[in-house]
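A.B. asks: structure_32.cif is reproduced below (mmCIF, C-alpha atoms).
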data_entry
#
loop_
_atom_site.label_atom_id
_atom_site.label_comp_id
_atom_site.auth_asym_id
_atom_site.auth_seq_id
_atom_site.Cartn_x
_atom_site.Cartn_y
_atom_site.Cartn_z
CA MET P 1 22.97 52.27 39.01
CA LYS P 2 23.74 48.68 38.51
CA SER P 3 23.12 47.20 35.12
CA ARG P 4 22.23 43.58 34.96
CA ALA P 5 23.38 41.41 32.06
CA ALA P 6 20.58 39.59 30.24
CA GLY P 7 20.94 35.92 29.28
CA PHE P 8 20.84 32.40 30.60
CA THR P 9 23.08 30.80 33.14
CA LEU P 10 24.92 27.60 32.29
CA LEU P 11 22.71 25.67 34.71
CA GLU P 12 19.51 26.93 33.03
CA MET P 13 20.88 26.02 29.61
CA LEU P 14 21.84 22.48 30.70
CA LEU P 15 18.44 21.94 32.30
CA THR P 16 16.68 23.06 29.11
CA LEU P 17 18.83 20.73 26.99
CA ALA P 18 18.17 17.79 29.33
CA LEU P 19 14.40 18.34 29.20
CA THR P 20 14.51 18.65 25.40
CA ALA P 21 16.49 15.40 25.10
CA LEU P 22 14.03 13.62 27.38
CA LEU P 23 11.04 14.82 25.35
CA MET P 24 12.72 13.79 22.09
CA ALA P 25 13.48 10.31 23.47
CA VAL P 26 9.77 9.87 24.20
CA ALA P 27 8.39 11.50 21.04
CA VAL P 28 10.60 10.05 18.27
CA PRO P 29 9.52 6.37 18.63
CA ALA P 30 5.86 7.41 18.75
CA LEU P 31 6.30 9.56 15.64
CA SER P 32 8.08 6.75 13.81
CA ARG P 33 5.23 4.35 14.63
CA LEU P 34 2.67 6.91 13.49
CA LEU P 35 4.47 7.39 10.16
CA SER P 36 4.69 3.61 9.60
CA LYS P 37 1.00 3.20 10.36
CA ALA P 38 0.09 6.00 7.94
CA ALA P 39 2.28 4.50 5.18
CA VAL P 40 0.68 1.06 5.53
CA GLN P 41 -2.82 2.57 5.60
CA SER P 42 -2.11 4.65 2.52
CA ALA P 43 -0.77 1.65 0.59
CA ALA P 44 -3.77 -0.49 1.60
CA ASP P 45 -6.17 2.25 0.50
CA ALA P 46 -4.34 2.57 -2.84
CA LEU P 47 -4.50 -1.18 -3.49
CA VAL P 48 -8.19 -1.47 -2.61
CA GLY P 49 -8.96 1.67 -4.61
CA ASP P 50 -7.21 0.39 -7.72
CA LEU P 51 -8.87 -3.03 -7.50
CA ARG P 52 -12.28 -1.37 -7.20
CA TYR P 53 -11.40 1.01 -10.03
CA ALA P 54 -10.45 -1.92 -12.27
CA ARG P 55 -13.76 -3.63 -11.52
CA SER P 56 -15.78 -0.51 -12.30
CA GLU P 57 -13.81 0.16 -15.51
CA ALA P 58 -14.44 -3.42 -16.67
CA ILE P 59 -18.18 -2.88 -16.21
CA LYS P 60 -18.13 0.59 -17.79
CA ARG P 61 -16.05 -0.42 -20.81
CA ALA P 62 -17.65 -3.89 -21.16
CA ARG P 63 -14.11 -5.30 -21.53
CA THR P 64 -11.64 -7.19 -19.41
CA VAL P 65 -9.57 -4.97 -17.13
CA SER P 66 -6.63 -6.47 -15.27
CA VAL P 67 -4.51 -5.44 -12.29
CA CYS P 68 -1.02 -6.97 -12.31
CA SER P 69 2.09 -6.66 -10.19
CA SER P 70 4.56 -4.47 -12.03
CA ALA P 71 8.00 -3.05 -11.45
CA GLY P 72 8.17 0.31 -13.20
CA GLY P 73 4.71 0.33 -14.75
CA VAL P 74 5.79 -0.71 -18.25
CA ALA P 75 5.14 -4.46 -18.07
CA CYS P 76 3.56 -7.00 -15.76
CA ALA P 77 6.03 -8.76 -13.48
CA SER P 78 6.75 -12.45 -13.91
CA SER P 79 6.20 -12.92 -10.17
CA ALA P 80 3.69 -11.65 -7.65
CA ALA P 81 5.94 -8.82 -6.41
CA TRP P 82 3.12 -6.43 -5.44
CA ARG P 83 5.42 -4.32 -3.23
CA ASP P 84 7.22 -3.20 -6.39
CA GLY P 85 3.97 -1.67 -7.61
CA TRP P 86 1.10 -2.57 -9.89
CA MET P 87 -0.80 -1.30 -12.87
CA VAL P 88 -4.39 -1.31 -14.07
CA PHE P 89 -4.95 -1.81 -17.79
CA VAL P 90 -7.56 -2.75 -20.36
CA ASP P 91 -6.63 -6.35 -21.13
CA ALA P 92 -7.93 -7.07 -24.66
CA ASP P 93 -7.24 -10.80 -24.56
CA GLY P 94 -7.65 -11.29 -20.77
CA ASN P 95 -4.27 -13.00 -20.35
CA GLY P 96 -3.01 -10.75 -17.54
CA ARG P 97 -0.06 -9.51 -19.58
CA LEU P 98 0.33 -6.04 -21.02
CA ASP P 99 0.27 -6.39 -24.79
CA PRO P 100 0.91 -3.56 -27.32
CA GLU P 101 -2.83 -3.13 -27.98
CA ASP P 102 -3.70 -2.86 -24.26
CA GLN P 103 -4.34 0.54 -22.69
CA ILE P 104 -2.77 1.42 -19.32
CA LEU P 105 -5.26 3.15 -17.02
CA ARG P 106 -3.29 3.57 -13.79
CA VAL P 107 0.19 2.84 -12.46
CA GLN P 108 1.22 2.54 -8.80
CA GLU P 109 4.95 2.91 -8.27
CA ARG P 110 7.06 0.97 -5.75
CA LEU P 111 5.96 1.47 -2.15
CA GLU P 112 9.19 2.17 -0.23
CA PRO P 113 7.98 2.18 3.38
CA LEU P 114 6.62 -1.37 3.04
CA ALA P 115 8.59 -4.54 3.69
CA SER P 116 6.11 -6.68 1.78
CA ILE P 117 2.69 -7.05 0.21
CA ALA P 118 2.05 -10.79 0.11
CA SER P 119 -0.18 -13.50 1.52
CA ALA P 120 0.76 -15.94 4.27
CA THR P 121 1.92 -18.28 1.45
CA PRO P 122 3.66 -16.00 -1.09
CA ALA P 123 4.44 -18.88 -3.48
CA ASN P 124 0.68 -19.12 -4.22
CA ASP P 125 0.12 -15.38 -4.76
CA LYS P 126 -1.50 -14.32 -8.01
CA ARG P 127 0.44 -12.17 -10.48
CA PHE P 128 -2.75 -10.54 -11.74
CA ILE P 129 -6.48 -10.24 -11.18
CA ALA P 130 -8.59 -9.93 -14.34
CA TYR P 131 -12.08 -8.40 -14.10
CA GLN P 132 -14.55 -9.40 -16.79
CA ALA P 133 -17.16 -7.11 -18.34
CA SER P 134 -19.68 -8.37 -15.77
CA GLY P 135 -17.49 -7.06 -12.95
CA MET P 136 -16.63 -10.56 -11.78
CA ALA P 137 -13.18 -12.05 -11.64
CA ARG P 138 -12.85 -15.82 -11.91
CA ALA P 139 -10.91 -17.53 -9.11
CA ALA P 140 -9.54 -14.25 -7.83
CA ALA P 141 -9.30 -15.22 -4.14
CA GLN P 142 -6.21 -13.53 -2.74
CA SER P 143 -5.13 -12.03 0.54
CA PHE P 144 -2.61 -9.21 0.66
CA ILE P 145 -0.84 -8.67 3.99
CA LEU P 146 0.82 -5.26 4.01
CA THR P 147 3.78 -5.22 6.38
CA PRO P 148 5.75 -2.06 7.23
CA SER P 149 9.53 -1.88 7.05
CA GLY P 150 11.38 -2.04 10.35
CA ALA P 151 9.95 -2.87 13.73
CA GLY P 152 6.34 -2.03 14.22
CA GLY P 153 4.62 -5.14 15.39
CA THR P 154 1.52 -6.84 14.11
CA SER P 155 -0.67 -3.89 15.08
CA LEU P 156 0.63 -1.97 12.04
CA VAL P 157 -0.11 -4.78 9.56
CA ARG P 158 -3.14 -4.27 7.28
CA VAL P 159 -4.93 -6.98 5.33
CA VAL P 160 -6.67 -6.59 1.97
CA CYS P 161 -8.94 -9.49 1.02
CA VAL P 162 -10.08 -10.22 -2.52
CA SER P 163 -13.02 -12.62 -2.77
CA MET P 164 -13.37 -15.41 -5.34
CA GLN P 165 -15.50 -13.01 -7.41
CA GLY P 166 -12.94 -10.19 -7.18
CA ARG P 167 -14.44 -7.91 -4.54
CA ALA P 168 -11.70 -6.12 -2.62
CA ALA P 169 -12.10 -5.23 1.06
CA LEU P 170 -9.77 -3.75 3.65
CA ARG P 171 -10.00 -5.56 6.99
CA ALA P 172 -10.11 -3.65 10.26
CA SER P 173 -6.88 -2.67 11.95
CA GLY P 174 -5.55 -5.55 14.04
CA VAL P 175 -7.07 -8.29 11.85
CA SER P 176 -4.24 -10.52 10.57
CA ALA P 177 -5.99 -12.75 8.02
CA CYS P 178 -8.93 -13.04 5.65
CA SER P 179 -11.67 -15.27 6.95
#
With the file now loaded, output its structure as C-alpha coordinates.

C.D. replies:
Amino acid sequence: MKSRAAGFTLLEMLLTLALTALLMAVAVPALSRLLSKAAVQSAADALVGDLRYARSEAIKRARTVSVCSSAGGVACASSAAWRDGWMVFVDADGNGRLDPEDQILRVQERLEPLASIASATPANDKRFIAYQASGMARAAAQSFILTPSGAGGTSLVRVVCVSMQGRAALRASGVSACS
(Lines of atoms letter the chains of each structure in order from A and count residues from 1; the text may use other names and numbers.)
(Lines give C-alpha, C1' and ligand atoms only; values in the text may rest on other atoms or scores of the structure.)
Protein backbone atom coordinates (compact mmCIF):
# COMPACT_ATOMS: atom_id res chain seq x y z
CA MET A 1 0.00 0.00 0.00
CA LYS A 2 1.12 3.43 -0.83
CA SER A 3 0.94 6.04 1.86
CA ARG A 4 0.38 9.57 0.80
CA ALA A 5 1.97 12.46 2.69
CA ALA A 6 -0.48 15.09 3.92
CA GLY A 7 0.28 18.80 3.52
CA PHE A 8 0.37 21.65 1.06
CA THR A 9 2.49 22.03 -1.99
CA LEU A 10 4.67 25.09 -2.42
CA LEU A 11 2.42 26.32 -5.23
CA GLU A 12 -0.70 26.08 -3.04
CA MET A 13 1.04 27.94 -0.23
CA LEU A 14 2.20 30.76 -2.54
CA LEU A 15 -1.28 31.10 -4.03
CA THR A 16 -2.82 31.34 -0.56
CA LEU A 17 -0.29 34.00 0.49
CA ALA A 18 -0.91 36.02 -2.69
CA LEU A 19 -4.68 35.98 -2.16
CA THR A 20 -4.25 36.97 1.50
CA ALA A 21 -1.98 39.88 0.54
CA LEU A 22 -4.48 41.05 -2.08
CA LEU A 23 -7.37 40.95 0.41
CA MET A 24 -5.31 42.84 3.00
CA ALA A 25 -4.38 45.53 0.45
CA VAL A 26 -8.09 46.11 -0.17
CA ALA A 27 -9.31 45.81 3.43
CA VAL A 28 -6.74 47.87 5.39
CA PRO A 29 -7.53 51.29 3.84
CA ALA A 30 -11.26 50.70 4.29
CA LEU A 31 -10.73 49.70 7.93
CA SER A 32 -8.55 52.75 8.56
CA ARG A 33 -11.24 55.02 7.11
CA LEU A 34 -13.90 53.31 9.21
CA LEU A 35 -11.85 53.80 12.40
CA SER A 36 -11.26 57.49 11.60
CA LYS A 37 -14.95 58.03 10.95
CA ALA A 38 -15.87 56.35 14.24
CA ALA A 39 -13.32 58.44 16.18
CA VAL A 40 -14.64 61.71 14.74
CA GLN A 41 -18.25 60.68 15.40
CA SER A 42 -17.44 59.70 18.97
CA ALA A 43 -15.68 63.01 19.64
CA ALA A 44 -18.56 65.00 18.13
CA ASP A 45 -21.08 63.08 20.25
CA ALA A 46 -18.98 63.71 23.38
CA LEU A 47 -18.76 67.46 22.70
CA VAL A 48 -22.48 67.85 21.98
CA GLY A 49 -23.33 65.68 24.98
CA ASP A 50 -21.19 67.73 27.35
CA LEU A 51 -22.57 71.05 26.04
CA ARG A 52 -26.12 69.77 26.54
CA TYR A 53 -25.19 68.42 29.96
CA ALA A 54 -23.79 71.81 30.99
CA ARG A 55 -26.99 73.52 29.87
CA SER A 56 -29.20 71.10 31.81
CA GLU A 57 -27.01 71.35 34.93
CA ALA A 58 -27.22 75.16 34.81
CA ILE A 59 -31.02 74.92 34.78
CA LYS A 60 -31.12 72.21 37.46
CA ARG A 61 -28.69 73.95 39.81
CA ALA A 62 -29.95 77.49 39.03
CA ARG A 63 -26.29 78.53 38.68
CA THR A 64 -23.87 79.30 35.89
CA VAL A 65 -22.21 76.21 34.43
CA SER A 66 -19.33 76.65 31.99
CA VAL A 67 -17.59 74.43 29.45
CA CYS A 68 -14.00 75.47 28.73
CA SER A 69 -11.14 74.11 26.68
CA SER A 70 -8.71 72.42 29.03
CA ALA A 71 -5.47 70.51 28.78
CA GLY A 72 -5.42 67.96 31.58
CA GLY A 73 -8.72 68.85 33.24
CA VAL A 74 -7.23 70.89 36.08
CA ALA A 75 -7.57 74.41 34.65
CA CYS A 76 -9.14 76.17 31.69
CA ALA A 77 -6.75 76.75 28.80
CA SER A 78 -5.67 80.26 27.88
CA SER A 79 -6.52 79.49 24.25
CA ALA A 80 -9.36 77.72 22.48
CA ALA A 81 -7.48 74.41 22.17
CA TRP A 82 -10.57 72.17 22.25
CA ARG A 83 -8.68 69.18 20.79
CA ASP A 84 -6.69 69.02 24.04
CA GLY A 85 -9.93 68.36 25.90
CA TRP A 86 -12.50 70.31 27.88
CA MET A 87 -14.22 70.35 31.22
CA VAL A 88 -17.67 71.18 32.54
CA PHE A 89 -17.84 72.97 35.87
CA VAL A 90 -20.11 75.01 38.11
CA ASP A 91 -18.81 78.54 37.52
CA ALA A 92 -19.72 80.56 40.64
CA ASP A 93 -18.71 83.93 39.21
CA GLY A 94 -19.42 83.14 35.52
CA ASN A 95 -15.97 84.21 34.34
CA GLY A 96 -15.17 81.01 32.42
CA ARG A 97 -12.16 80.22 34.60
CA LEU A 98 -11.94 77.42 37.13
CA ASP A 99 -11.62 79.04 40.54
CA PRO A 100 -11.00 77.19 43.85
CA GLU A 101 -14.69 77.44 44.83
CA ASP A 102 -15.91 76.02 41.50
CA GLN A 103 -16.99 72.37 41.25
CA ILE A 104 -15.81 70.23 38.31
CA LEU A 105 -18.64 68.11 36.90
CA ARG A 106 -17.02 66.39 33.91
CA VAL A 107 -13.63 66.24 32.22
CA GLN A 108 -12.92 65.15 28.64
CA GLU A 109 -9.29 64.20 28.06
CA ARG A 110 -7.27 64.92 24.90
CA LEU A 111 -8.73 63.35 21.77
CA GLU A 112 -5.77 61.68 20.04
CA PRO A 113 -7.30 60.58 16.73
CA LEU A 114 -8.31 64.16 15.89
CA ALA A 115 -6.14 66.68 14.06
CA SER A 116 -8.24 69.60 15.24
CA ILE A 117 -11.46 70.87 16.78
CA ALA A 118 -11.77 74.46 15.61
CA SER A 119 -13.87 76.76 13.47
CA ALA A 120 -12.98 78.00 9.99
CA THR A 121 -11.37 81.02 11.75
CA PRO A 122 -9.61 79.55 14.82
CA ALA A 123 -8.37 82.97 16.01
CA ASN A 124 -12.01 83.87 16.83
CA ASP A 125 -12.84 80.63 18.67
CA LYS A 126 -14.24 80.93 22.17
CA ARG A 127 -12.27 79.54 25.13
CA PHE A 128 -15.46 78.81 27.05
CA ILE A 129 -19.24 78.76 26.85
CA ALA A 130 -21.07 79.78 30.03
CA TYR A 131 -24.68 78.66 30.53
CA GLN A 132 -26.80 80.79 32.84
CA ALA A 133 -29.44 79.48 35.24
CA SER A 134 -32.08 80.06 32.53
CA GLY A 135 -30.28 77.63 30.23
CA MET A 136 -29.23 80.40 27.87
CA ALA A 137 -25.68 81.36 27.02
CA ARG A 138 -25.01 84.93 25.94
CA ALA A 139 -23.20 85.36 22.62
CA ALA A 140 -22.24 81.70 22.48
CA ALA A 141 -22.26 81.32 18.68
CA GLN A 142 -19.46 78.92 17.79
CA SER A 143 -18.82 76.28 15.18
CA PHE A 144 -16.57 73.33 15.90
CA ILE A 145 -15.18 71.49 12.88
CA LEU A 146 -13.82 68.11 13.96
CA THR A 147 -11.10 66.94 11.59
CA PRO A 148 -9.50 63.48 11.78
CA SER A 149 -5.75 62.94 11.80
CA GLY A 150 -4.20 61.76 8.54
CA ALA A 151 -5.86 61.54 5.18
CA GLY A 152 -9.56 61.00 5.21
CA GLY A 153 -11.10 63.69 3.13
CA THR A 154 -13.91 66.06 3.92
CA SER A 155 -16.43 63.23 4.16
CA LEU A 156 -15.03 62.32 7.59
CA VAL A 157 -15.29 65.87 8.99
CA ARG A 158 -18.13 66.52 11.46
CA VAL A 159 -19.50 69.91 12.44
CA VAL A 160 -20.95 70.90 15.82
CA CYS A 161 -22.87 74.18 15.83
CA VAL A 162 -23.61 76.20 18.94
CA SER A 163 -26.30 78.84 18.51
CA MET A 164 -26.17 82.37 19.97
CA GLN A 165 -28.29 81.07 22.86
CA GLY A 166 -26.02 78.08 23.48
CA ARG A 167 -27.94 75.21 21.89
CA ALA A 168 -25.55 72.59 20.56
CA ALA A 169 -26.37 70.54 17.46
CA LEU A 170 -24.42 68.01 15.41
CA ARG A 171 -24.80 68.59 11.67
CA ALA A 172 -25.37 65.70 9.28
CA SER A 173 -22.41 63.85 7.87
CA GLY A 174 -21.03 65.68 4.82
CA VAL A 175 -22.11 69.16 6.01
CA SER A 176 -18.99 71.35 6.27
CA ALA A 177 -20.30 74.50 7.98
CA CYS A 178 -22.97 75.91 10.26
CA SER A 179 -25.62 77.86 8.42

A.B. asks: Applying the PyMOL selection byres ((chain P and resi 104) around 12) to the file I just gave you, which residues come out? Please list them as a VMD selection string.

C.D. replies: chain P and resid 54 57 65 to 68 70 73 to 76 86 to 92 97 to 103 105 to 108

A.B. asks: Rank P:Ala58, P:Val26, P:Ala118, P:Ala44 by their smallest atom-to-atom distance to P:Ala80, using only C-alpha atoms, and report the top residue only.

C.D. replies: P:Ala118

A.B. asks: Box for stretch 78-87 of chain P - axis-aligned, 6 Å on each of the six sides, all listed atoms - centre and size in Å to one decimal, as JSON.

C.D. replies:
{"center_x": 3.2, "center_y": -7.1, "center_z": -8.6, "size_x": 20.0, "size_y": 23.6, "size_z": 22.7}

A.B. asks: Calculate how many Å separate atom CA of P:Ala81 from atom CA of P:Ser69, rounding to one decimal.

C.D. replies: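 A separation of 5.8 Å between them.
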
A.B. asks: May I have the protein, DNA and RNA residues with any atom at most 7 Å from the point (5.8, 0.0, -2.4), counting all atoms listed in the file, written as an NGL selection string?

C.D. replies: :P and (83-85 or 109-114)

A.B. asks: Suppose you want the space between atom CA of P:Tyr53 and atom CA of P:Gly94; what is it in Å?

C.D. replies: 16.8 Å

A.B. asks: With the PyMOL selection byres ((chain P and resi 178) around 9) as the selection, what would be picked from this file? Answer as a list of chain:residue names, please.

C.D. replies: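 For this structure, the PyMOL selection byres ((chain P and resi 178) around 9) captures P:Gln142, P:Ser143, P:Phe144, P:Val159, P:Val160, P:Cys161, P:Val162, P:Arg171, P:Val175, P:Ser176, P:Ala177, P:Ser179.
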
A.B. asks: Figure out the distance between atom CA of P:Leu146 and atom CA of P:Ala133, please, to one decimal in Å.

C.D. replies: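 We find that atom CA of P:Ala133 and atom CA of P:Leu146 lie 28.7 Å from each other.
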
A.B. asks: Which residues fall under the PyMOL selection byres ((chain P and resi 41) around 10) in this file, as a count of residues only?

C.D. replies: 20
